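Okay, input13.pdb is below, PDB, C-alpha atoms, pLDDT in the B column:
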ATOM      1  CA  MET A  20      11.525  38.970 -18.058  1.00 51.00           C
ATOM      2  CA  ASN A  21      11.790  35.177 -18.148  1.00 60.00           C
ATOM      3  CA  VAL A  22      14.311  33.707 -15.712  1.00 60.00           C
ATOM      4  CA  GLU A  23      15.871  30.313 -16.300  1.00 66.00           C
ATOM      5  CA  PHE A  24      16.638  28.098 -13.323  1.00 62.00           C
ATOM      6  CA  GLU A  25      19.084  25.220 -13.087  1.00 67.00           C
ATOM      7  CA  ASN A  26      16.894  23.271 -10.639  1.00 64.00           C
ATOM      8  CA  GLU A  27      13.676  23.424  -8.625  1.00 63.00           C
ATOM      9  CA  GLU A  28      15.474  24.690  -5.498  1.00 66.00           C
ATOM     10  CA  GLU A  29      16.673  27.808  -7.340  1.00 66.00           C
ATOM     11  CA  LYS A  30      13.143  28.405  -8.629  1.00 62.00           C
ATOM     12  CA  ILE A  31      11.625  28.176  -5.143  1.00 61.00           C
ATOM     13  CA  THR A  32      14.301  30.455  -3.658  1.00 62.00           C
ATOM     14  CA  HIS A  33      13.752  33.031  -6.406  1.00 58.00           C
ATOM     15  CA  THR A  34       9.979  32.926  -5.857  1.00 60.00           C
ATOM     16  CA  LEU A  35      10.359  33.502  -2.112  1.00 55.00           C
ATOM     17  CA  LYS A  36      12.686  36.444  -2.691  1.00 59.00           C
ATOM     18  CA  GLN A  37      10.012  38.138  -4.803  1.00 59.00           C
ATOM     19  CA  LYS A  38       7.534  38.127  -1.898  1.00 61.00           C
ATOM     20  CA  ASN A  39       7.564  40.097   1.315  1.00 64.00           C
ATOM     21  CA  TRP A  40       6.713  38.507   4.681  1.00 58.00           C
ATOM     22  CA  ASN A  41       3.078  39.661   4.662  1.00 61.00           C
ATOM     23  CA  GLU A  42       2.497  38.100   1.249  1.00 61.00           C
ATOM     24  CA  ILE A  43       3.984  34.809   2.424  1.00 58.00           C
ATOM     25  CA  LYS A  44       1.786  34.790   5.546  1.00 61.00           C
ATOM     26  CA  SER A  45      -1.280  35.565   3.443  1.00 61.00           C
ATOM     27  CA  ASN A  46      -0.557  32.656   1.133  1.00 70.00           C
ATOM     28  CA  ASP A  47      -0.148  30.390   4.157  1.00 73.00           C
ATOM     29  CA  SER A  48      -3.619  31.365   5.371  1.00 78.00           C
ATOM     30  CA  TRP A  49      -5.217  30.514   2.036  1.00 80.00           C
ATOM     31  CA  ALA A  50      -3.327  27.194   1.977  1.00 85.00           C
ATOM     32  CA  ILE A  51      -5.491  26.063   4.909  1.00 89.00           C
ATOM     33  CA  PHE A  52      -8.426  25.613   2.539  1.00 91.00           C
ATOM     34  CA  LYS A  53      -6.343  23.458   0.191  1.00 90.00           C
ATOM     35  CA  ILE A  54      -5.209  21.328   3.126  1.00 94.00           C
ATOM     36  CA  MET A  55      -8.797  20.947   4.344  1.00 95.00           C
ATOM     37  CA  SER A  56      -9.960  19.891   0.882  1.00 95.00           C
ATOM     38  CA  GLU A  57      -7.292  17.176   0.719  1.00 96.00           C
ATOM     39  CA  PHE A  58      -8.332  15.808   4.112  1.00 95.00           C
ATOM     40  CA  VAL A  59     -12.052  15.823   3.204  1.00 96.00           C
ATOM     41  CA  ASN A  60     -11.473  14.193  -0.172  1.00 95.00           C
ATOM     42  CA  GLY A  61      -9.152  11.594   1.343  1.00 94.00           C
ATOM     43  CA  TYR A  62     -11.496  10.699   4.206  1.00 93.00           C
ATOM     44  CA  GLU A  63     -14.503  10.381   1.889  1.00 93.00           C
ATOM     45  CA  LYS A  64     -12.761   8.150  -0.644  1.00 93.00           C
ATOM     46  CA  MET A  65     -10.712   6.059   1.769  1.00 93.00           C
ATOM     47  CA  GLY A  66     -13.665   5.627   4.113  1.00 89.00           C
ATOM     48  CA  ARG A  67     -15.541   3.850   1.328  1.00 90.00           C
ATOM     49  CA  ILE A  68     -12.576   1.646   0.482  1.00 88.00           C
ATOM     50  CA  GLY A  69     -11.925   0.418   4.003  1.00 70.00           C
ATOM     51  CA  PRO A  70      -8.669  -0.590   5.714  1.00 73.00           C
ATOM     52  CA  CYS A  71      -5.881  -2.113   3.618  1.00 92.00           C
ATOM     53  CA  VAL A  72      -2.217  -3.079   3.913  1.00 96.00           C
ATOM     54  CA  SER A  73       0.250  -0.401   2.860  1.00 97.00           C
ATOM     55  CA  ILE A  74       3.357  -1.299   0.879  1.00 98.00           C
ATOM     56  CA  PHE A  75       6.245   1.178   1.021  1.00 97.00           C
ATOM     57  CA  GLY A  76       9.530   1.254  -0.870  1.00 97.00           C
ATOM     58  CA  SER A  77      11.723   3.130  -3.286  1.00 97.00           C
ATOM     59  CA  ALA A  78      10.356   4.887  -6.368  1.00 94.00           C
ATOM     60  CA  ARG A  79      13.735   4.209  -8.002  1.00 94.00           C
ATOM     61  CA  THR A  80      13.533   0.407  -7.964  1.00 97.00           C
ATOM     62  CA  LYS A  81      13.557  -0.938 -11.526  1.00 97.00           C
ATOM     63  CA  PRO A  82      11.290  -3.757 -12.795  1.00 97.00           C
ATOM     64  CA  GLU A  83      14.298  -6.035 -13.222  1.00 98.00           C
ATOM     65  CA  ASP A  84      15.321  -5.583  -9.561  1.00 98.00           C
ATOM     66  CA  LYS A  85      14.629  -8.583  -7.308  1.00 98.00           C
ATOM     67  CA  TYR A  86      12.758  -6.415  -4.822  1.00 98.00           C
ATOM     68  CA  TYR A  87      10.351  -5.220  -7.517  1.00 98.00           C
ATOM     69  CA  GLY A  88       9.441  -8.852  -8.218  1.00 98.00           C
ATOM     70  CA  LEU A  89       9.233  -9.618  -4.524  1.00 98.00           C
ATOM     71  CA  ALA A  90       6.926  -6.641  -3.864  1.00 98.00           C
ATOM     72  CA  GLU A  91       4.673  -7.770  -6.731  1.00 98.00           C
ATOM     73  CA  LYS A  92       4.452 -11.298  -5.307  1.00 98.00           C
ATOM     74  CA  ILE A  93       3.743 -10.008  -1.817  1.00 98.00           C
ATOM     75  CA  ALA A  94       0.955  -7.719  -3.052  1.00 98.00           C
ATOM     76  CA  TYR A  95      -0.535 -10.575  -5.068  1.00 98.00           C
ATOM     77  CA  LYS A  96      -0.594 -12.867  -2.047  1.00 97.00           C
ATOM     78  CA  ILE A  97      -1.936 -10.098   0.200  1.00 95.00           C
ATOM     79  CA  SER A  98      -4.827  -9.487  -2.189  1.00 95.00           C
ATOM     80  CA  LYS A  99      -5.590 -13.210  -2.400  1.00 94.00           C
ATOM     81  CA  ALA A 100      -5.662 -13.320   1.410  1.00 92.00           C
ATOM     82  CA  GLY A 101      -8.448 -10.739   1.402  1.00 89.00           C
ATOM     83  CA  TYR A 102      -6.565  -7.525   2.073  1.00 91.00           C
ATOM     84  CA  GLY A 103      -6.564  -4.445  -0.114  1.00 94.00           C
ATOM     85  CA  VAL A 104      -3.260  -2.832  -1.039  1.00 97.00           C
ATOM     86  CA  ILE A 105      -2.287   0.826  -0.660  1.00 97.00           C
ATOM     87  CA  THR A 106       0.895   2.293  -2.127  1.00 98.00           C
ATOM     88  CA  GLY A 107       2.223   5.771  -2.745  1.00 96.00           C
ATOM     89  CA  GLY A 108       0.923   5.445  -6.286  1.00 95.00           C
ATOM     90  CA  GLY A 109       4.219   6.079  -8.065  1.00 94.00           C
ATOM     91  CA  PRO A 110       6.818   3.975  -9.904  1.00 95.00           C
ATOM     92  CA  GLY A 111       9.280   1.427  -8.484  1.00 96.00           C
ATOM     93  CA  ILE A 112       8.150  -0.594  -5.477  1.00 98.00           C
ATOM     94  CA  MET A 113       4.865   1.306  -5.460  1.00 97.00           C
ATOM     95  CA  GLU A 114       4.117   0.209  -9.016  1.00 98.00           C
ATOM     96  CA  ALA A 115       5.032  -3.379  -8.128  1.00 98.00           C
ATOM     97  CA  GLY A 116       2.624  -3.296  -5.184  1.00 98.00           C
ATOM     98  CA  ASN A 117      -0.266  -1.988  -7.249  1.00 98.00           C
ATOM     99  CA  LYS A 118       0.543  -4.443 -10.041  1.00 98.00           C
ATOM    100  CA  GLY A 119       0.462  -7.427  -7.689  1.00 98.00           C
ATOM    101  CA  ALA A 120      -2.866  -6.318  -6.225  1.00 97.00           C
ATOM    102  CA  HIS A 121      -4.273  -5.748  -9.716  1.00 97.00           C
ATOM    103  CA  LEU A 122      -3.176  -9.190 -10.922  1.00 97.00           C
ATOM    104  CA  GLY A 123      -4.596 -10.744  -7.749  1.00 96.00           C
ATOM    105  CA  GLY A 124      -7.988  -9.181  -8.395  1.00 95.00           C
ATOM    106  CA  GLY A 125      -7.808  -7.161  -5.186  1.00 95.00           C
ATOM    107  CA  ILE A 126      -8.302  -3.521  -4.258  1.00 96.00           C
ATOM    108  CA  SER A 127      -5.420  -1.399  -5.557  1.00 97.00           C
ATOM    109  CA  VAL A 128      -5.126   2.100  -4.077  1.00 97.00           C
ATOM    110  CA  GLY A 129      -2.619   4.817  -4.964  1.00 97.00           C
ATOM    111  CA  LEU A 130      -1.946   7.869  -2.792  1.00 96.00           C
ATOM    112  CA  ASN A 131       0.071   9.934  -5.210  1.00 94.00           C
ATOM    113  CA  ILE A 132       2.120  12.994  -4.222  1.00 89.00           C
ATOM    114  CA  GLU A 133       2.892  15.875  -6.579  1.00 78.00           C
ATOM    115  CA  LEU A 134       6.690  16.157  -6.908  1.00 72.00           C
ATOM    116  CA  PRO A 135       8.936  18.004  -9.368  1.00 64.00           C
ATOM    117  CA  PHE A 136      10.762  14.745 -10.125  1.00 61.00           C
ATOM    118  CA  GLU A 137      10.445  10.946  -9.775  1.00 53.00           C
ATOM    119  CA  GLN A 138       6.740  10.722  -9.005  1.00 58.00           C
ATOM    120  CA  HIS A 139       4.017   9.895 -11.518  1.00 77.00           C
ATOM    121  CA  PHE A 140       1.112   7.547 -10.933  1.00 88.00           C
ATOM    122  CA  ASN A 141       1.404   3.997 -12.222  1.00 94.00           C
ATOM    123  CA  PRO A 142      -1.139   2.220 -14.461  1.00 95.00           C
ATOM    124  CA  TYR A 143      -2.106  -0.517 -11.975  1.00 98.00           C
ATOM    125  CA  ILE A 144      -4.165   1.622  -9.602  1.00 97.00           C
ATOM    126  CA  ASP A 145      -7.949   1.181  -9.635  1.00 97.00           C
ATOM    127  CA  VAL A 146      -9.371   4.107 -11.609  1.00 93.00           C
ATOM    128  CA  ASP A 147     -11.612   5.263  -8.764  1.00 93.00           C
ATOM    129  CA  LYS A 148      -8.898   4.817  -6.107  1.00 96.00           C
ATOM    130  CA  ASN A 149      -6.166   7.092  -7.454  1.00 95.00           C
ATOM    131  CA  LEU A 150      -5.875  10.005  -5.005  1.00 95.00           C
ATOM    132  CA  GLN A 151      -3.657  13.048  -5.563  1.00 93.00           C
ATOM    133  CA  PHE A 152      -1.976  15.040  -2.760  1.00 94.00           C
ATOM    134  CA  ASP A 153       0.132  18.173  -2.560  1.00 92.00           C
ATOM    135  CA  TYR A 154       0.978  17.735   1.123  1.00 92.00           C
ATOM    136  CA  PHE A 155       3.051  14.863   2.501  1.00 92.00           C
ATOM    137  CA  PHE A 156       1.528  15.110   5.976  1.00 94.00           C
ATOM    138  CA  VAL A 157      -2.051  14.738   4.676  1.00 96.00           C
ATOM    139  CA  ARG A 158      -0.998  11.740   2.612  1.00 95.00           C
ATOM    140  CA  LYS A 159       0.696  10.110   5.618  1.00 94.00           C
ATOM    141  CA  VAL A 160      -2.489  10.484   7.658  1.00 94.00           C
ATOM    142  CA  MET A 161      -4.338   8.486   4.985  1.00 94.00           C
ATOM    143  CA  PHE A 162      -1.709   5.740   5.070  1.00 93.00           C
ATOM    144  CA  VAL A 163      -1.885   5.335   8.828  1.00 91.00           C
ATOM    145  CA  LYS A 164      -5.631   5.807   9.312  1.00 91.00           C
ATOM    146  CA  TYR A 165      -6.670   3.247   6.704  1.00 91.00           C
ATOM    147  CA  SER A 166      -3.881   0.662   6.988  1.00 91.00           C
ATOM    148  CA  GLN A 167      -4.127  -2.595   8.894  1.00 90.00           C
ATOM    149  CA  GLY A 168      -0.452  -3.286   8.368  1.00 94.00           C
ATOM    150  CA  PHE A 169       2.727  -1.840   6.873  1.00 96.00           C
ATOM    151  CA  VAL A 170       4.939  -3.862   4.536  1.00 98.00           C
ATOM    152  CA  VAL A 171       8.190  -1.957   4.115  1.00 98.00           C
ATOM    153  CA  MET A 172      10.476  -2.807   1.207  1.00 98.00           C
ATOM    154  CA  PRO A 173      13.985  -1.353   0.699  1.00 98.00           C
ATOM    155  CA  GLY A 174      13.824   2.369   0.024  1.00 98.00           C
ATOM    156  CA  GLY A 175      15.272   5.785   0.749  1.00 97.00           C
ATOM    157  CA  PHE A 176      14.506   8.690   3.048  1.00 95.00           C
ATOM    158  CA  GLY A 177      10.790   8.715   2.221  1.00 93.00           C
ATOM    159  CA  THR A 178      10.467   5.023   3.087  1.00 97.00           C
ATOM    160  CA  LEU A 179      12.294   5.528   6.385  1.00 97.00           C
ATOM    161  CA  ASP A 180      10.108   8.546   7.157  1.00 95.00           C
ATOM    162  CA  GLU A 181       6.945   6.480   6.693  1.00 95.00           C
ATOM    163  CA  LEU A 182       8.386   3.565   8.690  1.00 96.00           C
ATOM    164  CA  PHE A 183       9.408   5.624  11.720  1.00 96.00           C
ATOM    165  CA  GLU A 184       6.193   7.634  11.601  1.00 94.00           C
ATOM    166  CA  ALA A 185       4.227   4.397  12.050  1.00 94.00           C
ATOM    167  CA  ILE A 186       6.539   3.094  14.784  1.00 96.00           C
ATOM    168  CA  THR A 187       6.358   6.395  16.688  1.00 95.00           C
ATOM    169  CA  LEU A 188       2.561   6.561  16.583  1.00 94.00           C
ATOM    170  CA  ILE A 189       2.243   2.973  17.825  1.00 93.00           C
ATOM    171  CA  GLN A 190       4.960   3.418  20.471  1.00 93.00           C
ATOM    172  CA  THR A 191       3.271   6.531  21.858  1.00 93.00           C
ATOM    173  CA  LYS A 192      -0.152   4.853  21.628  1.00 92.00           C
ATOM    174  CA  LYS A 193      -1.527   7.570  19.354  1.00 91.00           C
ATOM    175  CA  ILE A 194      -2.845   4.773  17.130  1.00 89.00           C
ATOM    176  CA  GLY A 195      -3.615   1.118  17.732  1.00 87.00           C
ATOM    177  CA  LYS A 196      -0.947  -1.503  17.236  1.00 89.00           C
ATOM    178  CA  PHE A 197      -0.716  -3.126  13.806  1.00 91.00           C
ATOM    179  CA  PRO A 198       1.984  -5.272  12.173  1.00 95.00           C
ATOM    180  CA  ILE A 199       5.046  -3.586  10.688  1.00 97.00           C
ATOM    181  CA  ILE A 200       6.896  -6.020   8.429  1.00 98.00           C
ATOM    182  CA  LEU A 201      10.292  -5.196   6.924  1.00 98.00           C
ATOM    183  CA  VAL A 202      11.091  -7.219   3.810  1.00 98.00           C
ATOM    184  CA  GLY A 203      14.726  -7.945   2.977  1.00 98.00           C
ATOM    185  CA  SER A 204      17.012  -8.960   5.834  1.00 97.00           C
ATOM    186  CA  GLU A 205      20.141  -7.943   3.907  1.00 98.00           C
ATOM    187  CA  PHE A 206      18.779  -4.391   3.684  1.00 98.00           C
ATOM    188  CA  TRP A 207      17.190  -3.970   7.131  1.00 98.00           C
ATOM    189  CA  THR A 208      19.323  -6.038   9.541  1.00 97.00           C
ATOM    190  CA  GLY A 209      22.056  -3.387   9.857  1.00 97.00           C
ATOM    191  CA  LEU A 210      19.529  -0.697  10.795  1.00 97.00           C
ATOM    192  CA  PHE A 211      17.779  -3.022  13.250  1.00 96.00           C
ATOM    193  CA  GLU A 212      21.080  -3.962  14.916  1.00 97.00           C
ATOM    194  CA  TRP A 213      21.978  -0.249  15.255  1.00 98.00           C
ATOM    195  CA  ILE A 214      18.608   0.442  16.874  1.00 97.00           C
ATOM    196  CA  LYS A 215      19.209  -2.429  19.290  1.00 97.00           C
ATOM    197  CA  SER A 216      22.868  -1.815  20.154  1.00 98.00           C
ATOM    198  CA  VAL A 217      22.960   2.005  20.073  1.00 98.00           C
ATOM    199  CA  MET A 218      19.457   3.373  20.699  1.00 97.00           C
ATOM    200  CA  LEU A 219      18.464   0.706  23.211  1.00 97.00           C
ATOM    201  CA  GLU A 220      21.551  -0.792  24.865  1.00 97.00           C
ATOM    202  CA  LYS A 221      23.971   2.158  24.790  1.00 98.00           C
ATOM    203  CA  TYR A 222      21.682   5.166  25.219  1.00 98.00           C
ATOM    204  CA  SER A 223      18.405   3.649  26.532  1.00 97.00           C
ATOM    205  CA  ASN A 224      16.382   5.901  24.223  1.00 97.00           C
ATOM    206  CA  ILE A 225      13.753   3.212  23.614  1.00 96.00           C
ATOM    207  CA  ASN A 226      12.336   0.281  25.564  1.00 95.00           C
ATOM    208  CA  ALA A 227      13.215  -3.325  24.809  1.00 96.00           C
ATOM    209  CA  GLU A 228       9.598  -4.127  23.941  1.00 94.00           C
ATOM    210  CA  ASP A 229       9.688  -1.493  21.195  1.00 94.00           C
ATOM    211  CA  LEU A 230      11.799  -3.911  19.154  1.00 95.00           C
ATOM    212  CA  ASN A 231       8.801  -6.233  19.032  1.00 94.00           C
ATOM    213  CA  LEU A 232       6.956  -3.695  16.887  1.00 94.00           C
ATOM    214  CA  ILE A 233       9.121  -4.728  13.925  1.00 95.00           C
ATOM    215  CA  LYS A 234       9.390  -8.063  12.138  1.00 96.00           C
ATOM    216  CA  ILE A 235      12.004  -8.758   9.408  1.00 97.00           C
ATOM    217  CA  VAL A 236      11.191 -11.375   6.747  1.00 98.00           C
ATOM    218  CA  ASP A 237      12.398 -12.440   3.290  1.00 97.00           C
ATOM    219  CA  ASP A 238       9.602 -14.596   1.920  1.00 96.00           C
ATOM    220  CA  PRO A 239       6.178 -13.456   0.609  1.00 97.00           C
ATOM    221  CA  ASP A 240       4.400 -16.208   2.544  1.00 96.00           C
ATOM    222  CA  GLN A 241       5.973 -14.914   5.763  1.00 97.00           C
ATOM    223  CA  VAL A 242       4.345 -11.533   5.141  1.00 97.00           C
ATOM    224  CA  VAL A 243       0.846 -12.985   4.827  1.00 94.00           C
ATOM    225  CA  GLU A 244       1.508 -15.304   7.783  1.00 95.00           C
ATOM    226  CA  ALA A 245       2.579 -12.348   9.950  1.00 94.00           C
ATOM    227  CA  LEU A 246      -0.551 -10.395   9.010  1.00 93.00           C
ATOM    228  CA  ASP A 247      -2.900 -13.328   9.594  1.00 90.00           C
ATOM    229  CA  ASN A 248      -1.246 -14.333  12.871  1.00 89.00           C
ATOM    230  CA  PHE A 249      -1.523 -10.784  14.193  1.00 88.00           C
ATOM    231  CA  TYR A 250      -5.247 -10.545  13.527  1.00 82.00           C
ATOM    232  CA  LYS A 251      -5.926 -14.046  14.836  1.00 78.00           C
ATOM    233  CA  LYS A 252      -4.010 -13.211  18.020  1.00 73.00           C
ATOM    234  CA  TYR A 253      -6.058 -10.074  18.636  1.00 63.00           C
ATOM    235  CA  ASN A 254      -9.325 -11.595  17.384  1.00 58.00           C
ATOM    236  CA  LEU A 255      -9.492  -9.126  14.509  1.00 54.00           C
ATOM    237  CA  SER A 256     -10.082  -9.649  10.806  1.00 52.00           C
ATOM    238  CA  PRO A 257      -9.684  -7.649   7.587  1.00 50.00           C
ATOM    239  CA  ASN A 258     -12.661  -5.360   6.947  1.00 44.00           C
ATOM    240  CA  PHE A 259     -13.577  -6.827   3.576  1.00 39.00           C
TER     241      PHE A 259
END

Show how you would write the structure in this file as C-alpha cells.
Amino acid sequence: MNVEFENEEEKITHTLKQKNWNEIKSNDSWAIFKIMSEFVNGYEKMGRIGPCVSIFGSARTKPEDKYYGLAEKIAYKISKAGYGVITGGGPGIMEAGNKGAHLGGGISVGLNIELPFEQHFNPYIDVDKNLQFDYFFVRKVMFVKYSQGFVVMPGGFGTLDELFEAITLIQTKKIGKFPIILVGSEFWTGLFEWIKSVMLEKYSNINAEDLNLIKIVDDPDQVVEALDNFYKKYNLSPNF
C-alpha cells in the first residue's frame, strides 16, 4: 500500500516505525562503509586540488541580493590573488562564490550535500571538482582540512554551524590557526557583541584572545588583505 506523506519528517518517522531496533542497528553497521567511501573519495580528490579558501553563506540568497554580488566579487578577487575557492556547491552564496572563482579563472570546488530541499549543485563548479556527500560531518572535515581560510557571508543555521566548528577547532588547537573573516558588519556585529558582552565578560566562558580569531569586514579588498597579511605574518603562502 502506498502511503502519502505531507513532508520529509513524516516519511522518516514512518520508515523508522517499520523497523525494529536490531534492523536499525544493522543498517548503522553497513553505513560505516558508505562513510568510509566518502572520506576516501574526498581525501583523494581534495588532496590533488590542494588548500583553498572556503566561502560559506546562505543557500537562500537570491542573485539580486547585495550579498550575492559581494560574494561573487570576493571569490573573483580571491582567485586572482592565487587562492582556490571551495563552497558547499549549492545555490545562493555558494553559487556566487563558485561563479566568482570561475570568472576569475581560478579553482572552483563544490562540496555538495544531498538534502530533500534547497540543495542542488550550481553550474560554476569545475567539472572534476564537484564532490557529493550524504553526511554533513564528512563534508565538514573536507572544508576544514583543505581550507587556508574561511570567508563567512550572512547565512542561517548551517553557516553558523560551519563558523563555530572552525572557531572551536582552532581554539582547542585541534587544527592550526587560519583566518576567519566575517563579511557584513550589519549582519555579524550583533552576534560578535553578544559573544563579547555575554560569553566573555558576563560568564567568562571564553578567553579574551579568542575574539582575535574573528575579523569583520565589508569590502572585498579587505578580505584579500586579511588573507595575505595572515600568511605574510606567519611566513606561509598559498599552495598553488

Identify, on the basis of all atoms listed in the file, every residue whose closest approach to A:Leu232 does not exceed 12 Å; exclude the query and any residue fewer than 4 positions from it along the same chain; express the result as a PDB file with C-alpha atoms, in the frame of the given file.
ATOM      1  CA  GLY A 168      -0.452  -3.286   8.368  1.00 94.00           C
ATOM      2  CA  PHE A 169       2.727  -1.840   6.873  1.00 96.00           C
ATOM      3  CA  LEU A 182       8.386   3.565   8.690  1.00 96.00           C
ATOM      4  CA  PHE A 183       9.408   5.624  11.720  1.00 96.00           C
ATOM      5  CA  ALA A 185       4.227   4.397  12.050  1.00 94.00           C
ATOM      6  CA  ILE A 186       6.539   3.094  14.784  1.00 96.00           C
ATOM      7  CA  THR A 187       6.358   6.395  16.688  1.00 95.00           C
ATOM      8  CA  LEU A 188       2.561   6.561  16.583  1.00 94.00           C
ATOM      9  CA  ILE A 189       2.243   2.973  17.825  1.00 93.00           C
ATOM     10  CA  GLN A 190       4.960   3.418  20.471  1.00 93.00           C
ATOM     11  CA  THR A 191       3.271   6.531  21.858  1.00 93.00           C
ATOM     12  CA  GLY A 195      -3.615   1.118  17.732  1.00 87.00           C
ATOM     13  CA  LYS A 196      -0.947  -1.503  17.236  1.00 89.00           C
ATOM     14  CA  PHE A 197      -0.716  -3.126  13.806  1.00 91.00           C
ATOM     15  CA  PRO A 198       1.984  -5.272  12.173  1.00 95.00           C
ATOM     16  CA  ILE A 199       5.046  -3.586  10.688  1.00 97.00           C
ATOM     17  CA  ILE A 200       6.896  -6.020   8.429  1.00 98.00           C
ATOM     18  CA  LEU A 201      10.292  -5.196   6.924  1.00 98.00           C
ATOM     19  CA  PHE A 211      17.779  -3.022  13.250  1.00 96.00           C
ATOM     20  CA  ILE A 225      13.753   3.212  23.614  1.00 96.00           C
ATOM     21  CA  ASN A 226      12.336   0.281  25.564  1.00 95.00           C
ATOM     22  CA  ALA A 227      13.215  -3.325  24.809  1.00 96.00           C
ATOM     23  CA  GLU A 228       9.598  -4.127  23.941  1.00 94.00           C
ATOM     24  CA  ALA A 245       2.579 -12.348   9.950  1.00 94.00           C
ATOM     25  CA  PHE A 249      -1.523 -10.784  14.193  1.00 88.00           C
TER      26      PHE A 249
END

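Atom CA of A:Leu130 sits 28.0 Å away from atom CA of A:Glu205.
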
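What separates atom CA of A:Ser77 from atom CA of A:Gln167 is a distance of 20.8 Å.
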
- Item | Within 12 Å of file point (19.1, -5.4, 6.5), counting only C-alpha atoms, expressed as a list in words |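 Residues with an atom at most 12 Å from (19.1, -5.4, 6.5): Val171, Met172, Pro173, Gly174, Leu201, Val202, Gly203, Ser204, Glu205, Phe206, Trp207, Thr208, Gly209, Leu210, Phe211, Glu212, Trp213, Ile214, Lys234, Ile235, Val236 and Asp237 of chain A.
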
- What separation in Å, quoted to one decimal, exists between atom CA of A:Gly109 and atom CA of A:Gly123?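 Rounded to one decimal, the two atoms are 19.0 Å apart.
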
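Compared by their closest atoms to A:Gly66, and using only C-alpha atoms, the residues A:Ala120, A:Met161, A:Ala115, A:Ala78 rank with A:Met161 nearest.
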
- Residue with smallest distance to A:Pro110 - pool A:Tyr87, A:Phe58, A:Phe75, A:Phe140, counting all atoms listed in the file: A:Phe140

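Closest approach to A:Gly103 among A:Leu230, A:Ile194, A:Ile68, A:Ile132: A:Ile68, based on all atoms listed in the file.
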
- Exactly which residues make up the result of the PyMOL selection byres ((chain A and resi 159) around 10) on this file, given as a ChimeraX atom specification? /A:107,130,154-158,160-164,180-181,184-185

Could you work out an axis-aligned bounding box for all listed atoms of stretch 146-163 of chain A, with 8 Å added on each of the six sides, and give its centre and edge lengths in Å to one decimal, as AutoDock Vina command-line options?
--center_x -4.3 --center_y 11.1 --center_z -1.4 --size_x 30.7 --size_y 30.1 --size_z 36.4

- Task: Name the residues that the PyMOL selection byres ((chain A and resi 60) around 12) picks from the file above, as number ranges by chain, using the file's chain letters and numbers.
- Result: A: 53-59, 61-67, 130, 148-152, 157-158, 161

- Query: the PyMOL selection byres ((chain A and resi 106) around 10) on the file shown: which residues, as a PyMOL selection string?
  - Reply: chain A and resi 71-76+104-105+107-110+112-117+127-131+144+162+170

- Minimum-distance residue to A:Pro82, chosen among A:Asp247, A:Pro239, A:Ala50, A:Lys118 (using all atoms listed in the file):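 Checking each of A:Asp247, A:Pro239, A:Ala50, A:Lys118 against A:Pro82, counting all atoms listed in the file, the winner is A:Lys118.
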